[in-house]
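The file start00.pdb contains PDB, C-alpha atoms:
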```pdb
ATOM      1  CA  MET A 791      95.959 119.036  72.309
ATOM      2  CA  ALA A 792      93.827 122.184  72.218
ATOM      3  CA  ASP A 793      94.542 122.866  68.556
ATOM      4  CA  TYR A 794      94.656 119.248  67.505
ATOM      5  CA  GLU A 795      92.393 118.759  64.520
ATOM      6  CA  GLY A 796      93.160 115.184  63.531
ATOM      7  CA  PRO A 797      91.155 112.046  64.219
ATOM      8  CA  LYS A 798      89.760 111.694  67.724
ATOM      9  CA  ASN A 799      87.241 108.883  67.533
ATOM     10  CA  LEU A 800      88.164 105.299  66.790
ATOM     11  CA  LEU A 801      86.204 102.127  66.337
ATOM     12  CA  ILE A 802      88.103  98.929  66.966
ATOM     13  CA  ALA A 803      86.549  95.873  65.375
ATOM     14  CA  ASP A 804      88.062  92.567  66.384
ATOM     15  CA  SER A 805      86.332  89.350  67.378
ATOM     16  CA  ASP A 806      89.062  88.405  69.842
ATOM     17  CA  THR A 807      87.960  90.017  73.107
ATOM     18  CA  LEU A 808      91.375  90.271  74.723
ATOM     19  CA  VAL A 809      93.146  91.531  71.616
ATOM     20  CA  ARG A 810      90.458  94.145  71.084
ATOM     21  CA  HIS A 811      90.552  95.195  74.717
ATOM     22  CA  ALA A 812      94.329  95.606  74.766
ATOM     23  CA  LEU A 813      94.342  97.664  71.561
ATOM     24  CA  ALA A 814      91.401  99.776  72.708
ATOM     25  CA  GLU A 815      92.859 100.506  76.136
ATOM     26  CA  TYR A 816      96.149 101.478  74.621
ATOM     27  CA  LEU A 817      94.585 103.863  72.158
ATOM     28  CA  ARG A 818      92.432 105.405  74.903
ATOM     29  CA  HIS A 819      95.640 106.270  76.670
ATOM     30  CA  CYS A 820      96.870 107.842  73.465
ATOM     31  CA  GLY A 821      93.985 110.282  73.782
ATOM     32  CA  TYR A 822      91.388 108.719  71.522
ATOM     33  CA  ARG A 823      87.764 108.047  72.320
ATOM     34  CA  VAL A 824      87.465 104.386  71.418
ATOM     35  CA  VAL A 825      84.391 102.239  70.944
ATOM     36  CA  GLU A 826      84.576  98.503  70.406
ATOM     37  CA  ALA A 827      82.739  96.149  68.095
ATOM     38  CA  THR A 828      82.933  92.390  68.390
ATOM     39  CA  ASN A 829      81.594  91.477  64.955
ATOM     40  CA  PHE A 830      80.617  92.818  61.531
ATOM     41  CA  ASP A 831      76.995  93.571  62.424
ATOM     42  CA  GLU A 832      78.026  95.635  65.433
ATOM     43  CA  VAL A 833      80.284  97.758  63.252
ATOM     44  CA  ILE A 834      77.432  98.425  60.846
ATOM     45  CA  SER A 835      75.108  99.289  63.754
ATOM     46  CA  ILE A 836      77.584 101.800  65.117
ATOM     47  CA  LEU A 837      78.237 103.368  61.711
ATOM     48  CA  GLU A 838      74.560 103.529  60.846
ATOM     49  CA  ARG A 839      73.512 104.964  64.197
ATOM     50  CA  PRO A 840      76.570 106.522  65.794
ATOM     51  CA  GLU A 841      76.305 107.315  69.486
ATOM     52  CA  ASP A 842      75.636 111.044  70.015
ATOM     53  CA  GLY A 843      75.728 111.380  66.227
ATOM     54  CA  VAL A 844      79.524 111.214  66.238
ATOM     55  CA  LEU A 845      80.964 108.921  63.594
ATOM     56  CA  PRO A 846      84.313 107.309  64.225
ATOM     57  CA  ASP A 847      87.054 108.941  62.175
ATOM     58  CA  ILE A 848      88.857 105.634  61.746
ATOM     59  CA  VAL A 849      87.886 101.975  61.964
ATOM     60  CA  LEU A 850      90.747  99.665  62.907
ATOM     61  CA  CYS A 851      89.518  96.278  61.788
ATOM     62  CA  ASP A 852      90.789  92.738  61.936
ATOM     63  CA  VAL A 853      90.652  91.184  58.477
ATOM     64  CA  GLY A 854      89.133  88.031  59.971
ATOM     65  CA  LEU A 855      86.291  89.809  61.766
ATOM     66  CA  THR A 856      83.403  87.453  62.551
ATOM     67  CA  GLY A 857      80.228  87.825  60.524
ATOM     68  CA  GLY A 858      81.781  89.406  57.437
ATOM     69  CA  ASN A 859      85.446  90.036  56.922
ATOM     70  CA  GLY A 860      87.420  93.252  56.925
ATOM     71  CA  PHE A 861      87.467  93.563  53.149
ATOM     72  CA  ALA A 862      83.679  93.384  53.024
ATOM     73  CA  LEU A 863      83.572  96.031  55.697
ATOM     74  CA  ARG A 864      85.810  98.323  53.685
ATOM     75  CA  VAL A 865      83.495  97.941  50.700
ATOM     76  CA  TRP A 866      80.487  98.792  52.880
ATOM     77  CA  VAL A 867      82.188 101.824  54.386
ATOM     78  CA  ARG A 868      83.222 103.187  50.996
ATOM     79  CA  ALA A 869      79.638 102.906  49.801
ATOM     80  CA  HIS A 870      77.878 104.206  52.926
ATOM     81  CA  ARG A 871      80.359 106.160  55.053
ATOM     82  CA  PRO A 872      83.102 107.321  52.682
ATOM     83  CA  GLU A 873      84.337 109.885  55.213
ATOM     84  CA  VAL A 874      85.430 107.095  57.560
ATOM     85  CA  ARG A 875      88.924 105.686  57.115
ATOM     86  CA  VAL A 876      89.313 101.912  57.406
ATOM     87  CA  VAL A 877      92.611 100.423  58.543
ATOM     88  CA  LEU A 878      92.790  96.667  58.068
ATOM     89  CA  ALA A 879      95.107  94.421  60.041
ATOM     90  CA  GLY A 880      95.753  90.812  59.068
ATOM     91  CA  ASN A 881      97.075  89.636  62.400
ATOM     92  CA  VAL A 882      97.723  90.786  65.947
ATOM     93  CA  ALA A 883     101.211  92.085  65.234
ATOM     94  CA  ALA A 884      99.909  94.138  62.301
ATOM     95  CA  ALA A 885      97.097  95.477  64.480
ATOM     96  CA  ALA A 886      99.609  96.503  67.146
ATOM     97  CA  ARG A 887     101.751  98.250  64.513
ATOM     98  CA  ALA A 888      98.685 100.052  63.174
ATOM     99  CA  ALA A 889      97.754 101.072  66.715
ATOM    100  CA  GLY A 890     101.276 102.434  67.137
ATOM    101  CA  GLU A 891     100.949 104.548  64.034
ATOM    102  CA  LEU A 892      97.539 105.805  65.147
ATOM    103  CA  CYS A 893      98.990 106.655  68.522
ATOM    104  CA  GLU A 894     101.770 108.687  66.959
ATOM    105  CA  GLU A 895      99.361 110.671  64.807
ATOM    106  CA  GLY A 896      96.738 110.890  67.547
ATOM    107  CA  PRO A 897      95.463 113.490  69.983
ATOM    108  CA  ASP A 898      98.079 112.976  72.679
ATOM    109  CA  LEU A 899     101.258 113.737  70.800
ATOM    110  CA  GLY A 900     104.649 112.969  72.145
ATOM    111  CA  ARG A 901     103.798 109.792  74.005
ATOM    112  CA  PRO A 902     106.446 107.142  73.737
ATOM    113  CA  TYR A 903     105.048 104.075  72.113
ATOM    114  CA  ASP A 904     106.233 100.593  71.454
ATOM    115  CA  PRO A 905     103.740  98.230  69.789
ATOM    116  CA  GLN A 906     105.526  95.427  71.600
ATOM    117  CA  LEU A 907     103.844  96.608  74.798
ATOM    118  CA  VAL A 908     100.440  95.721  73.415
ATOM    119  CA  LEU A 909     101.680  92.368  72.181
ATOM    120  CA  ASP A 910     103.233  91.598  75.561
ATOM    121  CA  GLN A 911     100.027  92.554  77.309
ATOM    122  CA  ILE A 912      97.970  90.316  75.017
ATOM    123  CA  ARG A 913     100.391  87.443  75.562
ATOM    124  CA  ARG A 914     100.147  87.820  79.330
ATOM    125  CA  MET A 915      96.361  87.870  79.268
ATOM    126  CA  LYS A 916      96.157  84.868  76.991
ATOM    127  CA  ALA A 917      98.561  82.823  79.058
ATOM    128  CA  PRO A 918      96.940  79.942  80.937
ATOM    129  CA  ARG A 919      95.692  81.207  84.253
ATOM    130  CA  LEU A 920      97.471  80.070  87.365
ATOM    131  CA  GLN A 921      95.029  78.355  89.654
TER     132      GLN A 921
ATOM    133  CA  MET B 570     108.750  90.189  78.687
ATOM    134  CA  ILE B 571     109.451  93.872  79.076
ATOM    135  CA  ASP B 572     112.903  94.842  80.186
ATOM    136  CA  ALA B 573     112.220  97.675  82.610
ATOM    137  CA  ASP B 574     115.700  99.158  82.317
ATOM    138  CA  SER B 575     115.710  99.416  78.566
ATOM    139  CA  MET B 576     112.207 100.812  78.137
ATOM    140  CA  ASP B 577     112.230 103.826  80.334
ATOM    141  CA  GLY B 578     109.787 106.032  78.493
ATOM    142  CA  ALA B 579     107.620 103.192  77.363
ATOM    143  CA  CYS B 580     107.317 101.856  80.892
ATOM    144  CA  ARG B 581     106.160 105.200  82.160
ATOM    145  CA  LEU B 582     103.470 105.043  79.564
ATOM    146  CA  GLU B 583     102.645 101.500  80.536
ATOM    147  CA  ASP B 584     102.202 102.648  84.119
ATOM    148  CA  ARG B 585      99.370 104.818  82.902
ATOM    149  CA  MET B 586      97.647 101.937  81.193
ATOM    150  CA  THR B 587      95.064  99.772  82.794
ATOM    151  CA  LEU B 588      97.576  97.754  84.763
ATOM    152  CA  ALA B 589      94.793  95.248  84.924
ATOM    153  CA  GLU B 590      96.442  92.573  82.887
ATOM    154  CA  GLN B 591     100.032  93.465  83.297
ATOM    155  CA  GLY B 592     101.057  91.229  86.126
ATOM    156  CA  HIS B 593     102.243  94.044  88.329
ATOM    157  CA  GLN B 594     102.871  93.020  91.875
ATOM    158  CA  ASP B 595     101.158  95.988  93.463
ATOM    159  CA  GLN B 596      97.695  95.085  92.272
ATOM    160  CA  SER B 597      96.024  97.399  94.755
ATOM    161  CA  ARG B 598      97.113 100.506  92.849
ATOM    162  CA  ARG B 599      95.432  99.522  89.637
ATOM    163  CA  ARG B 600      91.967 100.425  88.449
ATOM    164  CA  PRO B 601      89.180  97.958  89.193
ATOM    165  CA  VAL B 602      88.463  95.720  86.194
ATOM    166  CA  VAL B 603      84.993  94.579  85.204
ATOM    167  CA  LEU B 604      84.070  92.035  82.545
ATOM    168  CA  LEU B 605      80.894  93.280  80.859
ATOM    169  CA  VAL B 606      79.030  90.659  78.815
ATOM    170  CA  GLU B 607      76.177  92.142  76.785
ATOM    171  CA  ASP B 608      75.037  91.354  73.272
ATOM    172  CA  GLU B 609      73.147  94.614  72.718
ATOM    173  CA  ILE B 610      75.868  96.815  71.301
ATOM    174  CA  MET B 611      74.252 100.137  72.195
ATOM    175  CA  ILE B 612      73.679  99.099  75.830
ATOM    176  CA  ARG B 613      77.180  97.670  76.090
ATOM    177  CA  MET B 614      78.782 100.774  74.589
ATOM    178  CA  ALA B 615      76.880 103.124  76.880
ATOM    179  CA  ASP B 616      77.513 101.088  80.029
ATOM    180  CA  ALA B 617      81.170 100.544  79.187
ATOM    181  CA  GLU B 618      81.773 104.209  78.535
ATOM    182  CA  SER B 619      80.009 105.258  81.741
ATOM    183  CA  LEU B 620      81.916 102.703  83.814
ATOM    184  CA  ARG B 621      85.188 103.945  82.310
ATOM    185  CA  GLU B 622      84.258 107.505  83.194
ATOM    186  CA  ALA B 623      83.778 106.240  86.763
ATOM    187  CA  GLY B 624      87.361 104.977  86.766
ATOM    188  CA  ILE B 625      86.718 101.325  85.997
ATOM    189  CA  SER B 626      88.532  99.383  83.307
ATOM    190  CA  VAL B 627      85.982  97.464  81.245
ATOM    191  CA  ILE B 628      86.596  94.349  79.189
ATOM    192  CA  GLU B 629      83.709  94.106  76.737
ATOM    193  CA  ALA B 630      82.359  90.765  75.532
ATOM    194  CA  GLY B 631      79.522  90.420  73.056
ATOM    195  CA  ASN B 632      78.210  87.008  74.068
ATOM    196  CA  GLY B 633      78.623  84.205  76.575
ATOM    197  CA  ALA B 634      81.403  82.438  74.669
ATOM    198  CA  GLU B 635      83.479  85.607  74.504
ATOM    199  CA  GLY B 636      82.896  86.148  78.199
ATOM    200  CA  LEU B 637      83.980  82.606  78.979
ATOM    201  CA  ALA B 638      87.205  83.097  77.003
ATOM    202  CA  VAL B 639      88.058  86.021  79.257
ATOM    203  CA  LEU B 640      87.185  84.096  82.436
ATOM    204  CA  GLU B 641      89.495  81.328  81.259
ATOM    205  CA  SER B 642      92.315  83.739  80.443
ATOM    206  CA  ALA B 643      94.886  85.273  82.743
ATOM    207  CA  ALA B 644      93.153  88.658  82.648
ATOM    208  CA  VAL B 645      92.767  90.163  86.104
ATOM    209  CA  LEU B 646      89.099  90.690  86.973
ATOM    210  CA  ASP B 647      87.306  92.212  89.943
ATOM    211  CA  ALA B 648      83.690  91.633  88.900
ATOM    212  CA  LEU B 649      81.498  90.094  86.212
ATOM    213  CA  ILE B 650      78.461  91.901  84.846
ATOM    214  CA  THR B 651      76.420  89.805  82.465
ATOM    215  CA  ASP B 652      73.135  89.997  80.683
ATOM    216  CA  ILE B 653      71.085  86.818  81.124
ATOM    217  CA  ASN B 654      69.356  86.504  77.765
ATOM    218  CA  MET B 655      71.915  86.317  75.023
ATOM    219  CA  PRO B 656      72.043  84.456  71.722
ATOM    220  CA  GLY B 657      74.439  81.560  71.396
ATOM    221  CA  GLU B 658      75.117  78.440  73.356
ATOM    222  CA  LEU B 659      75.887  80.148  76.635
ATOM    223  CA  ASP B 660      73.448  82.455  78.383
ATOM    224  CA  GLY B 661      74.236  84.630  81.369
ATOM    225  CA  LEU B 662      73.093  82.091  83.955
ATOM    226  CA  GLN B 663      75.312  79.390  82.470
ATOM    227  CA  LEU B 664      78.188  81.842  82.273
ATOM    228  CA  ALA B 665      77.684  82.739  85.945
ATOM    229  CA  ALA B 666      77.776  79.061  86.891
ATOM    230  CA  LEU B 667      81.046  78.570  84.997
ATOM    231  CA  CYS B 668      82.408  81.716  86.586
ATOM    232  CA  ARG B 669      81.746  80.279  90.054
ATOM    233  CA  ASP B 670      83.969  77.324  89.134
ATOM    234  CA  LEU B 671      86.650  79.221  87.245
ATOM    235  CA  ARG B 672      86.886  82.269  89.476
ATOM    236  CA  PRO B 673      85.488  81.463  92.901
ATOM    237  CA  GLY B 674      84.691  84.599  94.845
ATOM    238  CA  LEU B 675      84.448  86.887  91.822
ATOM    239  CA  PRO B 676      81.375  89.088  92.373
ATOM    240  CA  ILE B 677      78.678  88.498  89.757
ATOM    241  CA  LEU B 678      75.931  90.875  88.683
ATOM    242  CA  LEU B 679      73.137  89.465  86.523
ATOM    243  CA  ALA B 680      71.014  91.856  84.480
ATOM    244  CA  SER B 681      67.857  91.100  82.555
ATOM    245  CA  ALA B 682      64.498  92.453  81.531
ATOM    246  CA  ARG B 683      63.083  89.197  82.911
ATOM    247  CA  LEU B 684      64.828  88.412  86.162
ATOM    248  CA  PRO B 685      64.088  85.066  87.812
ATOM    249  CA  GLU B 686      61.456  85.829  90.460
ATOM    250  CA  ALA B 687      63.143  83.688  93.051
ATOM    251  CA  GLY B 688      66.521  85.258  92.417
ATOM    252  CA  ASP B 689      69.523  83.138  91.561
ATOM    253  CA  PRO B 690      72.169  81.726  93.887
ATOM    254  CA  ARG B 691      74.870  82.435  91.325
ATOM    255  CA  ALA B 692      74.353  86.196  91.533
ATOM    256  CA  ASP B 693      75.682  88.595  94.127
ATOM    257  CA  ARG B 694      73.427  91.265  92.680
ATOM    258  CA  MET B 695      70.583  91.282  90.177
ATOM    259  CA  LEU B 696      69.496  94.296  88.180
ATOM    260  CA  ALA B 697      66.260  94.637  86.234
ATOM    261  CA  LYS B 698      66.510  96.175  82.776
ATOM    262  CA  PRO B 699      66.129  98.920  81.912
ATOM    263  CA  TYR B 700      68.262 100.369  84.681
ATOM    264  CA  ALA B 701      69.790 103.770  85.262
ATOM    265  CA  PHE B 702      73.565 103.858  85.102
ATOM    266  CA  SER B 703      73.670 105.057  88.716
ATOM    267  CA  GLU B 704      71.999 101.775  89.737
ATOM    268  CA  LEU B 705      74.584  99.778  87.858
ATOM    269  CA  LEU B 706      77.487 101.680  89.379
ATOM    270  CA  SER B 707      76.051 101.377  92.900
ATOM    271  CA  ALA B 708      75.575  97.637  92.450
ATOM    272  CA  VAL B 709      79.146  97.200  91.199
ATOM    273  CA  LYS B 710      80.574  99.199  94.095
ATOM    274  CA  GLU B 711      78.457  97.318  96.626
ATOM    275  CA  MET B 712      79.378  93.879  95.462
ATOM    276  CA  MET B 713      83.059  94.759  95.258
ATOM    277  CA  GLY B 714      82.826  96.107  98.804
ATOM    278  CA  ASN B 715      86.122  96.689 100.518
ATOM    279  CA  ALA B 716      88.140  95.914  97.413
ATOM    280  CA  TRP B 717      86.616  98.915  95.662
ATOM    281  CA  GLN B 718      87.349 101.254  98.545
ATOM    282  CA  THR B 719      90.910  99.999  98.908
ATOM    283  CA  MET B 720      91.663 100.544  95.233
ATOM    284  CA  LYS B 721      90.042 103.960  95.272
ATOM    285  CA  ASP B 722      91.967 105.057  98.370
ATOM    286  CA  ARG B 723      95.324 103.838  97.120
ATOM    287  CA  ARG B 724      94.883 105.312  93.672
ATOM    288  CA  THR B 725      94.092 108.720  95.049
ATOM    289  CA  SER B 726      96.747 108.685  97.779
TER     290      SER B 726
END
```
Show me, as structure tokens, the structure contained in the file I just sent.
Amino acid sequence: MADYEGPKNLLIADSDTLVRHALAEYLRHCGYRVVEATNFDEVISILERPEDGVLPDIVLCDVGLTGGNGFALRVWVRAHRPEVRVVLAGNVAAAARAAGELCEEGPDLGRPYDPQLVLDQIRRMKAPRLQ
Amino acid sequence: MIDADSMDGACRLEDRMTLAEQGHQDQSRRRPVVLLVEDEIMIRMADAESLREAGISVIEAGNGAEGLAVLESAAVLDALITDINMPGELDGLQLAALCRDLRPGLPILLASARLPEAGDPRADRMLAKPYAFSELLSAVKEMMGNAWQTMKDRRTS
């Protein structure tokens, strides 16, 4: 960890609150600092005025992000923040796989990871609530 | 569902996750979970990060509709913090009213730059913006009361 020089800061952009939360929590436990954006405008706000001046290294973005889709975001990032890597995911399973890959290359190496865990967690949260 | 026997390493990792939404039977050993509904991204980011540093799991929602989706889900929650004035069809007061129906007994904190002078029966606590994070954390701990202390004690034991 001490000599880790790879990406440390992630931005997760997904308009589904529970999906975003599950992905973000998982990646926090993989050692990343993770901020969350619920829509396109929030992503732009964060990238234009990053908290503490620290830009995210990677944006993990749902293709169907509300307010402007993931492809439009990638175009914006290339034009304005070319140092930031954008990872697009077309559905929840793809997002979980991408999170798994980020976890494996991330700050806390050696953690066992199964993207199915995130999917199971999302499924449990989205299940109808028992009254 | 996860087969505990076949996912040894992965389950150890899962144990270190929030545990908030995972349906574990021993709910008292998990971190407290707060739903934070705030449309101002910079305020939400700062509050969420500070609450996490204080040991709280935070589910972030950017407007009333997103907050409602979480209240209607199976996600485990210990408190709701919501801004009152938000764009969209559902403001914080309406969300609090729905929360009273959907999750009776869930502590609710309402925050606003323009708090209703007479208070609001839907709120357990009200906080005037701008507030210091210490005020927010104190209010959350107070309204969670014994539940907070129990979780804290069991997690550190």
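Using all atoms listed in the file, the residues found no farther than 9 Å from Asp831 of chain A, other than those of its own chain fewer than 4 positions away, are Ala827, Ser835, Ile836, Thr856, Gly857 and Gly858 of chain A.
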Check which residues of chain A sit at most 7 Å from chain B using all atoms listed in the file, and return one row each with the closest pair of atoms and their distance in Å to one decimal, ordered by chain and rising number, as a tab-separated table.
```
residue	atom	partner	partner_atom	distance
A:Thr807	CA	B:Ala630	CA	6.1
A:His811	CA	B:Ile628	CA	6.0
A:Tyr816	CA	B:Met586	CA	6.8
A:His819	CA	B:Met586	CA	6.6
A:Val825	CA	B:Met614	CA	6.8
A:Thr828	CA	B:Gly631	CA	6.1
A:Glu832	CA	B:Ile610	CA	6.4
A:Pro902	CA	B:Ala579	CA	5.5
A:Tyr903	CA	B:Ala579	CA	5.9
A:Asp904	CA	B:Ala579	CA	6.6
A:Asp910	CA	B:Met570	CA	6.5
A:Gln911	CA	B:Gln591	CA	6.1
A:Arg914	CA	B:Ala643	CA	6.8
A:Met915	CA	B:Ala643	CA	4.6
A:Lys916	CA	B:Ser642	CA	5.3
A:Ala917	CA	B:Ala643	CA	5.8
A:Pro918	CA	B:Ala643	CA	6.0
A:Arg919	CA	B:Ala643	CA	4.4
```
Go ahead and save the picked residues with C-alpha atoms, as a tab-separated table (two decimals), keeping the file's coordinate frame.
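Final file, part.tsv:
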```tsv
chain	number	residue	atom	x	y	z
A	807	THR	CA	87.96	90.02	73.11
A	811	HIS	CA	90.55	95.20	74.72
A	816	TYR	CA	96.15	101.48	74.62
A	819	HIS	CA	95.64	106.27	76.67
A	825	VAL	CA	84.39	102.24	70.94
A	828	THR	CA	82.93	92.39	68.39
A	832	GLU	CA	78.03	95.64	65.43
A	902	PRO	CA	106.45	107.14	73.74
A	903	TYR	CA	105.05	104.08	72.11
A	904	ASP	CA	106.23	100.59	71.45
A	910	ASP	CA	103.23	91.60	75.56
A	911	GLN	CA	100.03	92.55	77.31
A	914	ARG	CA	100.15	87.82	79.33
A	915	MET	CA	96.36	87.87	79.27
A	916	LYS	CA	96.16	84.87	76.99
A	917	ALA	CA	98.56	82.82	79.06
A	918	PRO	CA	96.94	79.94	80.94
A	919	ARG	CA	95.69	81.21	84.25
```
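As for atom CA of Glu826 of chain A and atom CA of Ile802 of chain A, they are spaced 4.9 Å apart.
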If you measure from atom CA of Ala634 of chain B to atom CA of Pro676 of chain B, what distance in Å do you get, rounded to one decimal? 18.9 Å
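Using only C-alpha atoms, the smallest distance between any of B:Met712, B:Leu620, B:Leu604, B:Ala682 and Leu664 of chain B comes from B:Leu604.
When all atoms listed in the file are used to compute distances to Glu658 of chain B, the closest of the residues B:Pro673, B:Leu637, B:Asp693, B:Ala623 turns out to be B:Leu637.
We find atom CA of Ile677 of chain B and atom CA of Ala692 of chain B to be spaced 5.2 Å apart.
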